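Raw run.txt, compact mmCIF, C-alpha atoms:
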```txt
# COMPACT_ATOMS: atom_id res chain seq x y z
CA MET N 710 0.00 0.00 0.00
CA LEU N 711 1.46 3.33 -1.08
CA ILE N 712 0.74 6.20 1.27
CA GLU N 713 0.75 9.21 -1.06
CA ILE N 714 1.45 12.81 -0.08
CA LYS N 715 -1.31 14.06 -2.44
CA GLU N 716 -3.94 12.03 -0.59
CA LEU N 717 -2.56 12.96 2.83
CA GLU N 718 -2.90 16.65 1.90
CA LEU N 719 -6.67 16.07 1.67
CA HIS N 720 -7.20 13.90 4.77
CA PRO N 721 -5.49 11.40 7.11
CA ILE N 722 -5.46 7.79 5.90
CA ASP N 723 -6.67 5.01 8.17
CA PHE N 724 -5.35 1.60 7.22
CA GLU N 725 -5.91 -2.00 8.21
CA GLU N 726 -3.88 -4.55 6.29
CA GLU N 727 -3.12 -8.24 6.57
CA TYR N 728 0.00 -9.80 5.06
CA GLY N 729 0.11 -13.56 4.67
CA PRO N 730 3.22 -15.63 5.40
CA GLY N 731 5.95 -15.01 2.83
CA VAL N 732 4.57 -11.69 1.52
CA LEU N 733 7.14 -9.58 3.40
CA ASP N 734 10.81 -10.56 3.18
CA LEU N 735 11.89 -10.99 6.80
CA GLY N 736 15.23 -12.59 6.00
CA PRO N 737 16.42 -16.20 6.01
CA ASP N 738 16.10 -16.85 9.76
CA LEU N 739 12.51 -15.70 10.34
CA GLN N 740 9.44 -17.56 9.14
CA GLN N 741 6.03 -15.97 9.54
CA SER N 742 3.57 -18.53 10.95
CA THR N 743 0.34 -16.51 11.03
CA PRO N 744 -0.93 -13.55 9.02
CA LEU N 745 0.62 -10.23 9.99
CA HIS N 746 -2.12 -7.84 11.02
CA VAL N 747 -1.38 -4.10 11.00
CA ALA N 748 -3.75 -1.21 11.66
CA GLY N 749 -3.23 2.49 12.19
CA ARG N 750 -3.32 5.97 10.76
CA ALA N 751 -1.08 8.00 8.47
CA GLN N 752 -1.20 11.78 8.49
CA LEU N 753 0.69 14.72 7.06
CA ILE N 754 2.64 16.99 9.36
CA GLU N 755 3.95 20.24 7.94
CA GLU N 756 7.13 21.67 9.41
CA HIS N 757 8.35 25.18 8.77
CA HIS N 758 12.11 25.58 8.51
CA GLY N 759 12.77 29.29 8.31
CA LYS N 760 10.42 31.74 6.59
CA HIS N 761 10.03 30.07 3.23
CA GLN N 762 10.82 26.38 3.56
CA ARG N 763 7.95 23.98 4.26
CA ILE N 764 8.63 20.27 4.81
CA GLN N 765 5.90 17.64 4.54
CA ASP N 766 6.52 14.82 7.01
CA ILE N 767 4.49 11.62 7.11
CA ARG N 768 3.54 10.36 10.55
CA ILE N 769 2.39 6.76 10.87
CA ASN N 770 1.15 5.29 14.11
CA GLY N 771 -0.51 1.99 14.77
CA GLU N 772 -0.01 -1.55 15.96
CA LEU N 773 0.97 -4.88 14.47
CA SER N 774 0.80 -8.51 15.55
CA THR N 775 1.89 -11.86 14.16
CA THR N 776 3.59 -15.11 15.12
CA LEU N 777 7.08 -15.93 13.92
CA GLU N 778 9.21 -19.06 13.93
CA LEU N 779 12.90 -18.45 14.51
CA PRO N 780 15.87 -20.66 15.46
CA CYS N 781 16.97 -21.17 19.06
CA ALA N 782 20.28 -19.36 19.66
CA ARG N 783 21.78 -22.48 21.27
CA CYS N 784 20.44 -25.56 19.46
CA LEU N 785 18.87 -24.08 16.29
CA GLU N 786 15.53 -25.84 16.90
CA PRO N 787 12.50 -23.72 15.85
CA VAL N 788 10.96 -21.45 18.49
CA ILE N 789 7.51 -19.86 18.15
CA GLN N 790 7.55 -16.17 19.09
CA GLU N 791 4.49 -13.92 19.40
CA VAL N 792 5.22 -10.42 18.10
CA ARG N 793 3.11 -7.41 19.06
CA ARG N 794 4.28 -3.86 18.67
CA ASN N 795 2.85 -0.36 18.82
CA PHE N 796 4.65 2.17 16.67
CA ASP N 797 4.73 5.91 16.09
CA LEU N 798 6.97 6.79 13.14
CA LEU N 799 8.00 10.02 11.44
CA TYR N 800 9.24 10.10 7.84
CA ARG N 801 10.81 13.20 6.33
CA PRO N 802 11.48 13.76 2.60
CA LEU N 803 14.93 12.49 1.59
CA GLY N 804 17.33 15.43 1.40
CA ALA N 805 15.18 17.73 3.56
CA ASP N 806 17.96 17.98 6.13
CA ALA N 807 20.76 18.36 3.55
CA GLY N 808 22.73 21.56 3.63
CA ARG N 809 22.04 22.30 7.27
CA GLU N 810 25.12 22.70 9.38
CA GLU N 811 26.16 19.73 11.46
CA LEU N 812 24.68 19.73 14.93
CA SER N 813 24.42 17.11 17.59
CA VAL N 814 21.39 14.89 17.09
CA THR N 815 18.67 14.86 19.72
CA GLY N 816 16.82 11.69 20.69
CA ALA N 817 13.74 12.76 18.73
CA GLU N 818 15.76 13.47 15.58
CA ALA N 819 17.45 10.06 15.80
CA GLU N 820 14.07 8.41 15.28
CA VAL N 821 13.30 10.20 12.01
CA SER N 822 13.39 8.10 8.84
CA TYR N 823 13.21 9.31 5.26
CA TYR N 824 10.94 8.70 2.27
CA GLN N 825 11.64 9.33 -1.38
CA GLY N 826 9.31 10.39 -4.17
CA GLU N 827 5.55 10.81 -3.89
CA GLY N 828 5.03 8.78 -0.75
CA LEU N 829 5.91 5.83 1.39
CA LEU N 830 5.28 2.09 1.09
CA LEU N 831 3.52 0.85 4.19
CA GLU N 832 5.11 -2.59 3.68
CA ASP N 833 8.60 -1.13 4.20
CA ALA N 834 7.63 0.49 7.49
CA VAL N 835 5.85 -2.68 8.70
CA ARG N 836 8.81 -4.93 7.79
CA GLU N 837 11.18 -2.67 9.73
CA GLN N 838 8.91 -2.69 12.79
CA VAL N 839 8.58 -6.50 12.76
CA LEU N 840 12.37 -6.88 12.63
CA LEU N 841 12.77 -4.40 15.49
CA ALA N 842 10.21 -6.31 17.59
CA VAL N 843 12.07 -9.63 17.34
CA PRO N 844 14.44 -10.32 20.25
CA LEU N 845 18.14 -10.62 19.35
CA LYS N 846 18.42 -14.10 20.85
CA VAL N 847 15.69 -16.57 21.64
CA ILE N 848 16.19 -19.91 23.36
CA CYS N 849 13.81 -22.86 23.21
CA ARG N 850 13.98 -23.47 26.95
CA GLU N 851 15.99 -22.22 29.89
CA ASP N 852 18.07 -25.40 30.24
CA CYS N 853 18.89 -25.77 26.52
CA LYS N 854 22.25 -27.54 26.19
CA GLY N 855 22.91 -26.37 22.62
CA LEU N 856 25.01 -28.04 19.96
CA CYS N 857 28.24 -29.98 20.45
CA PRO N 858 31.07 -27.70 19.32
CA HIS N 859 32.88 -30.65 17.72
CA CYS N 860 30.28 -32.75 15.88
CA GLY N 861 27.25 -30.40 15.88
CA ALA N 862 24.87 -32.87 17.56
CA ASN N 863 21.89 -31.39 19.43
CA GLN N 864 22.78 -32.20 23.04
CA ASN N 865 19.13 -31.89 24.11
CA LEU N 866 18.25 -34.94 21.99
CA GLU N 867 21.35 -37.12 22.12
CA ARG N 868 24.63 -37.48 23.92
CA CYS N 869 27.41 -37.35 21.35
CA SER N 870 30.44 -39.63 21.41
CA CYS N 871 32.96 -36.80 21.16
CA SER N 872 35.71 -36.99 23.74
CA GLU N 873 35.99 -34.25 26.30
CA PRO N 874 38.17 -31.43 25.04
CA MET N 875 41.80 -31.73 26.00
CA GLU N 876 42.99 -29.26 28.56
CA ASP N 877 45.10 -26.42 27.23
CA PRO N 878 48.64 -26.82 28.69
CA ARG N 879 49.00 -23.06 29.01
CA TRP N 880 46.59 -23.10 31.96
CA THR N 881 48.65 -25.62 33.98
CA ALA N 882 50.65 -22.96 35.81
CA LEU N 883 47.48 -21.21 36.99
CA LYS N 884 45.94 -24.53 38.01
CA ASP N 885 49.03 -25.27 40.15
CA ILE N 886 48.72 -21.89 41.88
CA ARG N 887 45.02 -22.51 42.53
CA SER N 888 45.67 -25.90 44.10
CA LYS N 889 48.38 -24.39 46.36
CA LEU N 890 45.98 -21.65 47.49
CA GLU N 891 43.26 -24.19 48.30
CA ASP N 892 45.63 -26.26 50.45
```
Translate the structure described by the file into structure tokens.
Amino acid sequence: MLIEIKELELHPIDFEEEYGPGVLDLGPDLQQSTPLHVAGRAQLIEEHHGKHQRIQDIRINGELSTTLELPCARCLEPVIQEVRRNFDLLYRPLGADAGREELSVTGAEAEVSYYQGEGLLLEDAVREQVLLAVPLKVICREDCKGLCPHCGANQNLERCSCSEPMEDPRWTALKDIRSKLED
């Protein structure tokens, strides 16, 4: 769905969209399990920079929800993750801030994104918000044992036959000191 500046000049746009699994590219590690539901409102905000410059920003706020399947950070088994997120986004025309002298960026300015052309694709904003809502690491369960570093076997399902790693001889001196301190 293209949110066009021309239409926003007339009135705010309310939207309610549903994206089926596979419609949005979420990358190779995320699989969408249920439809992604997004609803909200887009409106035009005019900013005045100086006497003669007028900038048309697009403000989008709303909420999204879906269910994703992503790999466990330890054993790579699939984990089901509910994703719900409220968002309030501001998009400024690309190049609107060009030519201004360099200043330190405030927290509010750091959250401004940019659009190009006659409007903004809602799908791009939604995809970004889904990716931001996903935790960096997810584990299947608290006591997940992960994969064997030698053979790659899932240690939650099977005990591998790899021998215990040999002790690094460089640590022997410290081990001797530790045993003397304990005695």
Any chance you could tabulate, as a tab-separated table, the residues of region 764-869 of chain N at most 10 Å from region 736-740 of chain N with each one's nearest atom pair and distance in Å to one decimal, using only C-alpha atoms, in chain and rising number order?
```
residue	atom	partner	partner_atom	distance
N:Thr776	CA	N:Gln740	CA	8.7
N:Leu777	CA	N:Gln740	CA	5.6
N:Glu778	CA	N:Gln740	CA	5.0
N:Leu779	CA	N:Leu739	CA	5.0
N:Pro780	CA	N:Asp738	CA	6.9
N:Pro787	CA	N:Gln740	CA	9.6
N:Ile789	CA	N:Gln740	CA	9.5
N:Leu840	CA	N:Leu739	CA	9.1
N:Val843	CA	N:Leu739	CA	9.3
```
(request) Please identify all polymer residues within 8 Å of Ala751 (chain N), counting all atoms listed in the file, omitting same-chain residues fewer than 5 positions from it, and present them as a PyMOL selection string. (result) chain N and resi 712+717+721-724+767-770
(message) So, with only C-alpha atoms as the atoms that count, which of N:Leu745, N:Leu845, N:Ile754, N:Leu803 lies closest to Glu832 (chain N)?
(response)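 Comparing N:Leu745, N:Leu845, N:Ile754, N:Leu803 against Glu832 (chain N), the winner is N:Leu745.
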(request) Would you mind reading off the distance between CA of Glu820 (chain N) and CA of Glu756 (chain N), one decimal, in Å? (result) 16.1 Å
(message) I want to know what sits within 8 Å of Ala842 (chain N), based on only C-alpha atoms, with residues of the same chain fewer than 2 positions away left out; could you give that as an MDAnalysis selection string?
(response) chainID N and resid 792:794 838:840 844
Requested write-out: C-alpha atoms of the selected residues, as a compact mmCIF listing (two decimals), keeping the file's coordinate frame:
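Final output, part.txt:
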```
# COMPACT_ATOMS: atom_id res chain seq x y z
CA VAL N 792 5.22 -10.42 18.10
CA ARG N 793 3.11 -7.41 19.06
CA ARG N 794 4.28 -3.86 18.67
CA GLN N 838 8.91 -2.69 12.79
CA VAL N 839 8.58 -6.50 12.76
CA LEU N 840 12.37 -6.88 12.63
CA PRO N 844 14.44 -10.32 20.25
```
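One finds CA of Ser742 (chain N) at 26.5 Å from CA of Gln864 (chain N).
In this model, the gap between CA of Leu785 (chain N) and CA of Pro858 (chain N) comes to 13.1 Å.
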What are the centre and edge lengths in Å, to one decimal, of the axis-aligned box around all listed atoms of region 758-772 of chain N with 6 Å added on each side, as AutoDock Vina command-line options?
```
--center_x 6.1 --center_y 15.1 --center_z 9.6 --size_x 25.3 --size_y 45.3 --size_z 24.7
```
What would the list of residues within 12 Å of (-5.5, -6.3, 4.0) (file frame) look like as a PDB file with C-alpha atoms, keeping the file's coordinate frame, if only C-alpha atoms are what count?
```
ATOM      1  CA  MET N 710       0.000   0.000   0.000  1.00  0.00           C
ATOM      2  CA  PHE N 724      -5.350   1.600   7.220  1.00  0.00           C
ATOM      3  CA  GLU N 725      -5.910  -2.000   8.210  1.00  0.00           C
ATOM      4  CA  GLU N 726      -3.880  -4.550   6.290  1.00  0.00           C
ATOM      5  CA  GLU N 727      -3.120  -8.240   6.570  1.00  0.00           C
ATOM      6  CA  TYR N 728       0.000  -9.800   5.060  1.00  0.00           C
ATOM      7  CA  GLY N 729       0.110 -13.560   4.670  1.00  0.00           C
ATOM      8  CA  VAL N 732       4.570 -11.690   1.520  1.00  0.00           C
ATOM      9  CA  PRO N 744      -0.930 -13.550   9.020  1.00  0.00           C
ATOM     10  CA  LEU N 745       0.620 -10.230   9.990  1.00  0.00           C
ATOM     11  CA  HIS N 746      -2.120  -7.840  11.020  1.00  0.00           C
ATOM     12  CA  VAL N 747      -1.380  -4.100  11.000  1.00  0.00           C
ATOM     13  CA  ALA N 748      -3.750  -1.210  11.660  1.00  0.00           C
ATOM     14  CA  LEU N 831       3.520   0.850   4.190  1.00  0.00           C
ATOM     15  CA  GLU N 832       5.110  -2.590   3.680  1.00  0.00           C
TER      16      GLU N 832
END
```
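Of the listed residues (N:Gly771, N:Pro878, N:Gly826, N:Gly855), N:Gly771 comes nearest to Leu798 (chain N); the distances count only C-alpha atoms.
For the choices N:Val835, N:Ile714, N:Leu883, N:Leu830, the atom-to-atom distance to Asp797 (chain N) is smallest for N:Val835 when using all atoms listed in the file.
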